[in-house]
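model-v7.json (JSON, C-alpha atoms) appears below.
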[["chain", "number", "residue", "atom", "x", "y", "z"],
["A", 1, "MET", "CA", -85.81, 90.76, 22.69],
["A", 2, "SER", "CA", -83.55, 87.73, 22.82],
["A", 3, "GLY", "CA", -81.65, 85.82, 20.15],
["A", 4, "PRO", "CA", -78.42, 86.08, 18.18],
["A", 5, "GLY", "CA", -79.28, 89.53, 16.90],
["A", 6, "ALA", "CA", -79.86, 90.92, 20.37],
["A", 7, "MET", "CA", -76.18, 91.17, 21.37],
["A", 8, "SER", "CA", -75.69, 94.17, 23.60],
["A", 9, "LYS", "CA", -73.89, 97.14, 22.09],
["A", 10, "SER", "CA", -71.04, 96.89, 24.59],
["A", 11, "LYS", "CA", -70.20, 93.34, 23.49],
["A", 12, "GLN", "CA", -70.24, 93.91, 19.74],
["A", 13, "PRO", "CA", -66.91, 93.83, 17.89],
["A", 14, "ASP", "CA", -65.56, 97.22, 16.88],
["A", 15, "LEU", "CA", -66.60, 97.01, 13.22],
["A", 16, "PRO", "CA", -66.75, 99.82, 10.68],
["A", 17, "ALA", "CA", -70.02, 101.74, 10.44],
["A", 18, "ASP", "CA", -71.52, 99.46, 7.77],
["A", 19, "GLY", "CA", -70.94, 96.38, 9.94],
["A", 20, "VAL", "CA", -68.53, 94.81, 7.43],
["A", 21, "VAL", "CA", -64.84, 94.35, 8.07],
["A", 22, "VAL", "CA", -63.05, 96.32, 5.36],
["A", 23, "LYS", "CA", -60.10, 94.94, 3.41],
["A", 24, "PRO", "CA", -56.75, 96.73, 3.74],
["A", 25, "ARG", "CA", -56.86, 99.96, 1.73],
["A", 26, "LYS", "CA", -53.18, 99.74, 0.81],
["A", 27, "PRO", "CA", -52.03, 96.16, 1.46],
["A", 28, "ILE", "CA", -48.49, 96.51, 0.06],
["A", 29, "PRO", "CA", -47.45, 99.54, 2.19],
["A", 30, "LEU", "CA", -49.17, 97.90, 5.16],
["A", 31, "VAL", "CA", -47.21, 94.64, 4.75],
["A", 32, "ILE", "CA", -43.90, 96.49, 4.31],
["A", 33, "GLY", "CA", -44.58, 98.83, 7.21],
["A", 34, "ALA", "CA", -45.51, 95.97, 9.55],
["A", 35, "ALA", "CA", -42.33, 94.14, 8.53],
["A", 36, "PHE", "CA", -40.11, 97.09, 9.40],
["A", 37, "VAL", "CA", -41.86, 97.52, 12.77],
["A", 38, "SER", "CA", -41.28, 93.81, 13.43],
["A", 39, "PHE", "CA", -37.60, 94.31, 12.67],
["A", 40, "ALA", "CA", -37.46, 97.22, 15.12],
["A", 41, "SER", "CA", -39.33, 95.21, 17.75],
["A", 42, "THR", "CA", -36.75, 92.43, 17.96],
["A", 43, "LEU", "CA", -33.78, 94.71, 17.23],
["A", 44, "LEU", "CA", -34.56, 97.03, 20.14],
["A", 45, "GLY", "CA", -36.66, 94.81, 22.42],
["A", 46, "ILE", "CA", -39.83, 96.88, 22.08],
["A", 47, "GLY", "CA", -43.41, 95.79, 21.52],
["A", 48, "GLY", "CA", -43.97, 98.03, 18.52],
["A", 49, "GLY", "CA", -47.72, 98.25, 18.95],
["A", 50, "ALA", "CA", -47.67, 102.04, 19.06],
["A", 51, "LEU", "CA", -46.13, 101.97, 15.59],
["A", 52, "VAL", "CA", -48.35, 99.27, 14.07],
["A", 53, "VAL", "CA", -51.64, 100.81, 15.24],
["A", 54, "PRO", "CA", -51.44, 103.89, 12.97],
["A", 55, "LEU", "CA", -50.45, 101.65, 10.04],
["A", 56, "LEU", "CA", -53.54, 99.48, 10.51],
["A", 57, "ALA", "CA", -55.75, 102.53, 10.95],
["A", 58, "THR", "CA", -54.38, 104.41, 7.92],
["A", 59, "TRP", "CA", -53.57, 101.64, 5.42],
["A", 60, "GLY", "CA", -55.71, 98.87, 6.89],
["A", 61, "GLY", "CA", -58.94, 100.84, 7.13],
["A", 62, "MET", "CA", -59.61, 99.75, 10.73],
["A", 63, "ARG", "CA", -61.15, 101.70, 13.58],
["A", 64, "LEU", "CA", -58.93, 102.41, 16.56],
["A", 65, "LYS", "CA", -60.00, 99.63, 18.93],
["A", 66, "ARG", "CA", -59.72, 97.04, 16.20],
["A", 67, "SER", "CA", -56.32, 98.40, 15.14],
["A", 68, "VAL", "CA", -55.01, 98.14, 18.69],
["A", 69, "ALA", "CA", -56.26, 94.56, 19.10],
["A", 70, "THR", "CA", -54.96, 93.37, 15.73],
["A", 71, "SER", "CA", -51.62, 95.09, 16.31],
["A", 72, "LEU", "CA", -51.26, 93.29, 19.62],
["A", 73, "ALA", "CA", -52.01, 89.93, 18.01],
["A", 74, "LEU", "CA", -49.38, 90.51, 15.32],
["A", 75, "ILE", "CA", -46.77, 91.67, 17.83],
["A", 76, "ALA", "CA", -47.49, 88.64, 20.07],
["A", 77, "VAL", "CA", -46.47, 86.28, 17.26],
["A", 78, "VAL", "CA", -43.53, 88.44, 16.16],
["A", 79, "VAL", "CA", -41.94, 88.76, 19.60],
["A", 80, "THR", "CA", -42.51, 85.07, 20.32],
["A", 81, "VAL", "CA", -40.57, 84.12, 17.21],
["A", 82, "GLY", "CA", -37.98, 86.75, 18.10],
["A", 83, "LEU", "CA", -37.58, 85.24, 21.56],
["A", 84, "VAL", "CA", -37.12, 81.74, 20.10],
["A", 85, "VAL", "CA", -34.35, 83.06, 17.83],
["A", 86, "GLN", "CA", -32.84, 84.88, 20.81],
["A", 87, "VAL", "CA", -32.77, 81.68, 22.87],
["A", 88, "ILE", "CA", -31.10, 79.81, 20.02],
["A", 89, "HIS", "CA", -28.63, 82.57, 19.23],
["A", 90, "GLU", "CA", -27.66, 84.00, 22.63],
["A", 91, "PRO", "CA", -29.71, 82.62, 25.57],
["A", 92, "GLY", "CA", -27.28, 83.94, 28.18],
["A", 93, "ASP", "CA", -28.34, 87.53, 27.51],
["A", 94, "ILE", "CA", -31.82, 86.95, 28.95],
["A", 95, "LEU", "CA", -32.30, 87.68, 32.65],
["A", 96, "TRP", "CA", -35.18, 85.23, 33.14],
["A", 97, "ALA", "CA", -35.89, 85.93, 36.81],
["A", 98, "GLN", "CA", -35.86, 89.68, 36.25],
["A", 99, "GLY", "CA", -38.10, 89.30, 33.21],
["A", 100, "GLY", "CA", -40.55, 87.11, 35.12],
["A", 101, "LEU", "CA", -40.94, 89.70, 37.86],
["A", 102, "ILE", "CA", -41.48, 92.40, 35.24],
["A", 103, "VAL", "CA", -44.32, 90.33, 33.75],
["A", 104, "VAL", "CA", -45.97, 89.96, 37.17],
["A", 105, "GLY", "CA", -45.73, 93.70, 37.72],
["A", 106, "ALA", "CA", -47.20, 94.41, 34.28],
["A", 107, "PHE", "CA", -50.22, 92.19, 34.95],
["A", 108, "LEU", "CA", -50.82, 94.12, 38.18],
["A", 109, "GLY", "CA", -50.27, 97.54, 36.59],
["A", 110, "ALA", "CA", -52.61, 97.23, 33.61],
["A", 111, "PRO", "CA", -55.91, 97.29, 35.57],
["A", 112, "ILE", "CA", -54.58, 100.10, 37.78],
["A", 113, "GLY", "CA", -53.92, 102.12, 34.63],
["A", 114, "ARG", "CA", -57.52, 101.64, 33.52],
["A", 115, "TRP", "CA", -58.70, 102.81, 36.96],
["A", 116, "LEU", "CA", -56.43, 105.88, 36.96],
["A", 117, "LEU", "CA", -57.81, 106.91, 33.58],
["A", 118, "LYS", "CA", -61.13, 107.59, 35.31],
["A", 119, "ILE", "CA", -59.84, 109.74, 38.18],
["A", 120, "ILE", "CA", -56.61, 111.52, 37.19],
["A", 121, "PRO", "CA", -56.05, 114.03, 34.35],
["A", 122, "ARG", "CA", -54.65, 112.12, 31.38],
["A", 123, "ALA", "CA", -52.60, 115.08, 30.12],
["A", 124, "VAL", "CA", -50.52, 115.27, 33.30],
["A", 125, "PHE", "CA", -49.40, 111.65, 33.02],
["A", 126, "ARG", "CA", -48.34, 112.18, 29.43],
["A", 127, "TYR", "CA", -46.25, 115.24, 30.24],
["A", 128, "VAL", "CA", -44.49, 113.41, 33.09],
["A", 129, "LEU", "CA", -43.67, 110.34, 30.99],
["A", 130, "SER", "CA", -42.57, 112.57, 28.12],
["A", 131, "VAL", "CA", -40.00, 114.32, 30.32],
["A", 132, "PHE", "CA", -38.74, 110.97, 31.63],
["A", 133, "LEU", "CA", -38.27, 109.59, 28.11],
["A", 134, "VAL", "CA", -36.35, 112.67, 27.03],
["A", 135, "LEU", "CA", -34.01, 112.45, 30.02],
["A", 136, "VAL", "CA", -33.35, 108.77, 29.35],
["A", 137, "ALA", "CA", -32.76, 109.47, 25.65],
["A", 138, "VAL", "CA", -30.27, 112.26, 26.43],
["A", 139, "ARG", "CA", -28.41, 110.07, 28.85],
["A", 140, "MET", "CA", -28.48, 107.09, 26.50],
["A", 141, "ILE", "CA", -26.67, 108.93, 23.71],
["A", 142, "GLY", "CA", -24.05, 110.29, 26.12],
["A", 143, "LEU", "CA", -25.07, 113.95, 26.32],
["A", 144, "MET", "CA", -25.52, 113.70, 30.08],
["A", 145, "PRO", "CA", -22.66, 112.70, 32.41],
["A", 146, "HIS", "CA", -23.02, 109.15, 33.74],
["A", 147, "ALA", "CA", -23.94, 109.34, 37.37],
["A", 148, "THR", "CA", -24.02, 106.35, 39.68],
["A", 149, "HIS", "CA", -26.82, 104.06, 38.59],
["A", 150, "LEU", "CA", -29.79, 103.62, 40.85],
["A", 151, "LEU", "CA", -29.19, 100.07, 42.04],
["A", 152, "GLY", "CA", -25.56, 99.34, 41.26],
["A", 153, "ASP", "CA", -23.60, 97.30, 38.75],
["A", 154, "ALA", "CA", -25.92, 94.37, 37.92],
["A", 155, "PRO", "CA", -29.21, 92.78, 39.06],
["A", 156, "ASP", "CA", -28.77, 90.56, 42.12],
["A", 157, "MET", "CA", -31.76, 88.33, 42.86],
["A", 158, "SER", "CA", -30.61, 87.91, 46.46],
["A", 159, "LEU", "CA", -31.41, 91.58, 47.10],
["A", 160, "ALA", "CA", -34.91, 92.82, 47.88],
["A", 161, "SER", "CA", -34.20, 95.99, 45.89],
["A", 162, "THR", "CA", -33.82, 93.92, 42.70],
["A", 163, "TRP", "CA", -37.22, 92.27, 43.23],
["A", 164, "VAL", "CA", -38.93, 95.55, 44.04],
["A", 165, "PHE", "CA", -37.40, 97.37, 41.09],
["A", 166, "ALA", "CA", -38.40, 94.63, 38.61],
["A", 167, "LEU", "CA", -41.97, 94.57, 39.91],
["A", 168, "VAL", "CA", -42.21, 98.38, 39.81],
["A", 169, "THR", "CA", -40.78, 98.46, 36.28],
["A", 170, "GLY", "CA", -43.36, 95.95, 35.11],
["A", 171, "PHE", "CA", -46.09, 97.79, 36.99],
["A", 172, "VAL", "CA", -45.24, 101.07, 35.25],
["A", 173, "ALA", "CA", -45.02, 99.31, 31.87],
["A", 174, "GLY", "CA", -48.43, 97.70, 32.35],
["A", 175, "MET", "CA", -49.96, 100.92, 33.64],
["A", 176, "SER", "CA", -48.48, 102.90, 30.75],
["A", 177, "SER", "CA", -49.96, 100.51, 28.22],
["A", 178, "THR", "CA", -53.47, 101.48, 29.32],
["A", 179, "LEU", "CA", -52.75, 105.12, 30.18],
["A", 180, "PHE", "CA", -50.83, 106.08, 27.05],
["A", 181, "GLY", "CA", -51.23, 103.20, 24.63],
["A", 182, "ILE", "CA", -47.50, 102.41, 24.92],
["A", 183, "GLY", "CA", -45.60, 100.11, 27.19],
["A", 184, "GLY", "CA", -43.35, 97.10, 26.87],
["A", 185, "GLY", "CA", -39.82, 97.90, 25.84],
["A", 186, "ILE", "CA", -40.38, 101.65, 25.70],
["A", 187, "VAL", "CA", -40.50, 101.50, 29.50],
["A", 188, "ILE", "CA", -38.59, 98.30, 30.34],
["A", 189, "VAL", "CA", -35.37, 98.91, 28.37],
["A", 190, "PRO", "CA", -34.79, 102.48, 29.66],
["A", 191, "ALA", "CA", -35.56, 101.37, 33.22],
["A", 192, "LEU", "CA", -33.03, 98.53, 33.12],
["A", 193, "THR", "CA", -30.29, 100.66, 31.58],
["A", 194, "PHE", "CA", -31.01, 103.46, 34.05],
["A", 195, "ALA", "CA", -30.80, 101.18, 37.08],
["A", 196, "TYR", "CA", -27.71, 99.07, 36.39],
["A", 197, "THR", "CA", -24.28, 100.03, 35.09],
["A", 198, "SER", "CA", -23.69, 96.70, 33.36],
["A", 199, "LEU", "CA", -26.98, 96.92, 31.47],
["A", 200, "ALA", "CA", -26.26, 100.49, 30.40],
["A", 201, "ASP", "CA", -22.97, 99.27, 28.95],
["A", 202, "ASN", "CA", -24.43, 96.02, 27.57],
["A", 203, "PHE", "CA", -27.57, 97.04, 25.70],
["A", 204, "ALA", "CA", -28.05, 93.48, 24.39],
["A", 205, "VAL", "CA", -29.00, 92.16, 27.83],
["A", 206, "ALA", "CA", -31.60, 94.86, 28.46],
["A", 207, "ARG", "CA", -33.03, 94.31, 24.97],
["A", 208, "ALA", "CA", -33.18, 90.51, 25.31],
["A", 209, "THR", "CA", -34.74, 90.64, 28.79],
["A", 210, "SER", "CA", -37.35, 93.12, 27.58],
["A", 211, "LEU", "CA", -38.15, 90.83, 24.64],
["A", 212, "ALA", "CA", -38.70, 87.89, 27.00],
["A", 213, "ALA", "CA", -41.04, 89.97, 29.19],
["A", 214, "ILE", "CA", -43.08, 91.28, 26.26],
["A", 215, "VAL", "CA", -44.03, 87.79, 25.02],
["A", 216, "PRO", "CA", -46.45, 86.78, 27.84],
["A", 217, "ILE", "CA", -47.69, 90.36, 28.21],
["A", 218, "SER", "CA", -48.65, 90.61, 24.52],
["A", 219, "ILE", "CA", -50.16, 87.10, 24.46],
["A", 220, "TRP", "CA", -52.36, 87.89, 27.44],
["A", 221, "GLY", "CA", -53.47, 91.19, 25.90],
["A", 222, "THR", "CA", -54.31, 89.43, 22.65],
["A", 223, "PHE", "CA", -56.40, 86.86, 24.52],
["A", 224, "LEU", "CA", -58.40, 89.59, 26.27],
["A", 225, "HIS", "CA", -59.09, 91.41, 22.99],
["A", 226, "ALA", "CA", -59.95, 88.18, 21.17],
["A", 227, "ARG", "CA", -62.59, 87.38, 23.80],
["A", 228, "LYS", "CA", -64.33, 90.64, 22.87],
["A", 229, "GLY", "CA", -64.07, 89.94, 19.15],
["A", 230, "ASN", "CA", -61.85, 92.93, 18.41],
["A", 231, "VAL", "CA", -58.99, 91.10, 16.65],
["A", 232, "GLU", "CA", -59.17, 91.11, 12.85],
["A", 233, "PHE", "CA", -57.61, 87.67, 12.38],
["A", 234, "LYS", "CA", -58.06, 87.74, 8.59],
["A", 235, "VAL", "CA", -55.38, 90.44, 8.31],
["A", 236, "ILE", "CA", -52.75, 88.54, 10.33],
["A", 237, "PRO", "CA", -51.87, 85.95, 7.60],
["A", 238, "ILE", "CA", -51.32, 88.83, 5.16],
["A", 239, "LEU", "CA", -48.84, 90.60, 7.43],
["A", 240, "LEU", "CA", -47.18, 87.66, 9.14],
["A", 241, "PRO", "CA", -44.84, 86.03, 6.56],
["A", 242, "LEU", "CA", -42.66, 89.08, 5.83],
["A", 243, "SER", "CA", -42.96, 90.29, 9.43],
["A", 244, "LEU", "CA", -41.53, 87.02, 10.76],
["A", 245, "VAL", "CA", -38.59, 87.17, 8.35],
["A", 246, "PHE", "CA", -37.82, 90.70, 9.51],
["A", 247, "ALA", "CA", -38.30, 89.70, 13.16],
["A", 248, "VAL", "CA", -35.62, 87.02, 12.82],
["A", 249, "GLY", "CA", -33.41, 89.54, 11.05],
["A", 250, "GLY", "CA", -33.85, 92.00, 13.91],
["A", 251, "VAL", "CA", -32.43, 89.59, 16.48],
["A", 252, "ILE", "CA", -29.46, 88.72, 14.26],
["A", 253, "ALA", "CA", -28.81, 92.38, 13.39],
["A", 254, "ALA", "CA", -28.77, 93.29, 17.08],
["A", 255, "TYR", "CA", -25.55, 91.31, 17.43],
["A", 256, "GLN", "CA", -24.00, 92.68, 14.24],
["A", 257, "LEU", "CA", -24.49, 96.37, 15.03],
["A", 258, "LYS", "CA", -22.48, 98.21, 17.65],
["A", 259, "ALA", "CA", -24.30, 98.84, 20.93],
["A", 260, "GLU", "CA", -23.64, 102.57, 20.55],
["A", 261, "TYR", "CA", -25.63, 102.63, 17.31],
["A", 262, "LEU", "CA", -28.51, 100.73, 18.89],
["A", 263, "LYS", "CA", -28.57, 103.18, 21.78],
["A", 264, "ILE", "CA", -28.80, 106.10, 19.37],
["A", 265, "VAL", "CA", -31.64, 104.45, 17.45],
["A", 266, "PHE", "CA", -33.47, 103.72, 20.71],
["A", 267, "ALA", "CA", -32.89, 107.28, 21.92],
["A", 268, "VAL", "CA", -34.40, 108.64, 18.72],
["A", 269, "LEU", "CA", -37.40, 106.35, 19.21],
["A", 270, "LEU", "CA", -37.80, 107.64, 22.76],
["A", 271, "GLY", "CA", -37.71, 111.19, 21.42],
["A", 272, "VAL", "CA", -40.43, 110.41, 18.89],
["A", 273, "MET", "CA", -42.61, 108.80, 21.56],
["A", 274, "SER", "CA", -42.03, 111.81, 23.83],
["A", 275, "ILE", "CA", -43.25, 114.18, 21.11],
["A", 276, "LYS", "CA", -46.25, 111.91, 20.52],
["A", 277, "LEU", "CA", -47.16, 112.07, 24.22],
["A", 278, "VAL", "CA", -46.88, 115.86, 24.30],
["A", 279, "LEU", "CA", -49.11, 116.21, 21.24],
["A", 280, "GLU", "CA", -51.66, 113.86, 22.80],
["A", 281, "ALA", "CA", -51.57, 115.85, 26.05],
["A", 282, "ARG", "CA", -52.17, 119.11, 24.19],
["A", 283, "ALA", "CA", -55.06, 117.55, 22.26],
["A", 284, "ILE", "CA", -56.60, 116.31, 25.50],
["A", 285, "ARG", "CA", -56.35, 119.77, 27.08],
["A", 286, "LYS", "CA", -57.99, 121.37, 24.05],
["A", 287, "GLU", "CA", -60.77, 118.81, 24.18],
["A", 288, "GLU", "CA", -61.32, 119.40, 27.89],
["A", 289, "LYS", "CA", -61.30, 123.18, 27.37],
["A", 290, "ALA", "CA", -63.87, 122.90, 24.59],
["A", 291, "LYS", "CA", -66.13, 120.80, 26.83],
["A", 292, "ARG", "CA", -65.90, 123.38, 29.64],
["A", 293, "GLU", "CA", -66.79, 126.19, 27.24],
["A", 294, "VAL", "CA", -69.82, 124.26, 25.99],
["A", 295, "GLN", "CA", -70.99, 123.64, 29.56],
["A", 296, "VAL", "CA", -70.66, 127.36, 30.38]]

Encoding of this model in structure tokens:
Amino acid sequence: MSGPGAMSKSKQPDLPADGVVVKPRKPIPLVIGAAFVSFASTLLGIGGGALVVPLLATWGGMRLKRSVATSLALIAVVVTVGLVVQVIHEPGDILWAQGGLIVVGAFLGAPIGRWLLKIIPRAVFRYVLSVFLVLVAVRMIGLMPHATHLLGDAPDMSLASTWVFALVTGFVAGMSSTLFGIGGGIVIVPALTFAYTSLADNFAVARATSLAAIVPISIWGTFLHARKGNVEFKVIPILLPLSLVFAVGGVIAAYQLKAEYLKIVFAVLLGVMSIKLVLEARAIRKEEKAKREVQV
């Protein structure tokens, strides 16, 4: 049967069961929560999608796929405004060439992540990334002696190692976004601070470069979700005004707070994400075990 009502199931937007997009269950907490995540996004150079998704699902009454898509759309606008403020306030902190290579790597890594989901145990990946995040967090807050950084003092675009590292960093960030539902700054900032001494000492540069890389990545992801009709655009105007104010405040606050404090905050965030990954891995293993028992 053909016609407007014959849209295939795979192409339908991810709507609630009754086919009607629900209004936010708790709009005030949702607006405030999104604003604080926006502040953290520009303060630390992270995407923040992993934090907005549960807010949209819990207080926005959205199903998971729609929460992810709408979160990405919100973050795309927030980080774009944050980048504009960054360029006005302190453009010299952005490593544009490094950020561009990271974006290229991310675009290549995202489809690989989707492919790996089909052939490699998801729990294993989560355990590995969890351990990495903990090690970076421990080192970031100074509990681990500073060893020689992987690639030296600062990025040098005349060296092949700098190009390769930026592409690999972006690749892992893009792959992680599809494997774990996280990516962006959670991967980019630790990688930059781990590789170069100057970036470990100057957190502002790693944060600003990550912010620049996240903008095209989030815009592209939003475009892909919008094509499938998964973005709840009616919610964006509700969340955006306060979120943009907080996003601008995040960039300004990043230059008012000591780098040591920002590192501690970021390390705590890495710890939280590590715990989240471990819990997800355990849930996946339980689910797989239950399926095996049913098959037996």

- Message: Here is a test: counting only C-alpha atoms, which residue of A:Ile284, A:Ile186, A:Val84, A:Leu56 is nearest to A:Val134?
- Response: A:Ile186

- Task: Show which residues sit within 7 Å of A:Ala213, as a list in words. Count all atoms listed in the file, and ignore same-chain residues fewer than 2 positions away.
- Result: Gly99, Gly100, Ile102, Val103, Thr209, Ser210, Leu211, Val215, Pro216 and Ile217 of chain A

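Counting all atoms listed in the file and comparing A:Tyr127, A:Phe266, A:Phe39, A:Phe233, the residue that lies closest to A:Leu279 is A:Tyr127.
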
- Query: What lies within 12 Å of A:Ala173 using all atoms listed in the file, ignoring chain neighbours under 2 positions off, as a PyMOL selection string?
  - Reply: chain A and resi 46-47+102-113+129+166-171+175-191+210+213-214+217-218

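Interatomic distance, atom CA of A:Leu151 to atom CA of A:Gly174: 21.7 Å.
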
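Every protein or nucleic acid residue with an atom no more than 10 Å from stretch 257-262 of chain A, counting only C-alpha atoms and leaving out same-chain residues fewer than 4 positions away, appears here: A:Leu43, A:Leu44, A:Met140, A:Ile141, A:Gly142, A:Ala200, A:Asp201, A:Asn202, A:Phe203, A:Ala204, A:Arg207, A:Ile252, A:Ala253, A:Phe266, A:Ala267, A:Val268.
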
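The two atoms in question, atom CA of A:Leu135 and atom CA of A:Ala50, are spaced 20.4 Å apart.
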
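Distance check against A:Val78 using all atoms listed in the file: of A:Ala206, A:Ala57, A:Leu95, A:Ile219, the minimum falls on A:Ile219.
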
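The interatomic distance for the pair atom CA of A:Ala160 and atom CA of A:Leu133 works out to 26.1 Å.
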
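Nearest to A:Val52 of all the residues A:Thr193, A:Ser243, A:Arg126, A:Arg114 is A:Ser243, based on all atoms listed in the file.
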
- Which one of A:Ser41, A:Val205, A:Leu74, A:Val124 sits closest to A:Pro241 if you count all atoms listed in the file? A:Leu74

- Please check which residues have atoms at most 12 Å from (-61.4, 88.5, 22.6) in the file's coordinates, counting all atoms listed in the file, and write them as an MDAnalysis selection string. chainID A and resid 11:14 65:66 69:70 72:73 219:233

Edge lengths and centre in Å to one decimal, as lines of an AutoDock Vina configuration file, is what I'm after for the box along x, y and z that holds all listed atoms of stretch 24-28 of chain A once 4 Å is added on each side.
center_x = -52.7
center_y = 98.1
center_z = 1.9
size_x = 16.4
size_y = 11.8
size_z = 11.7
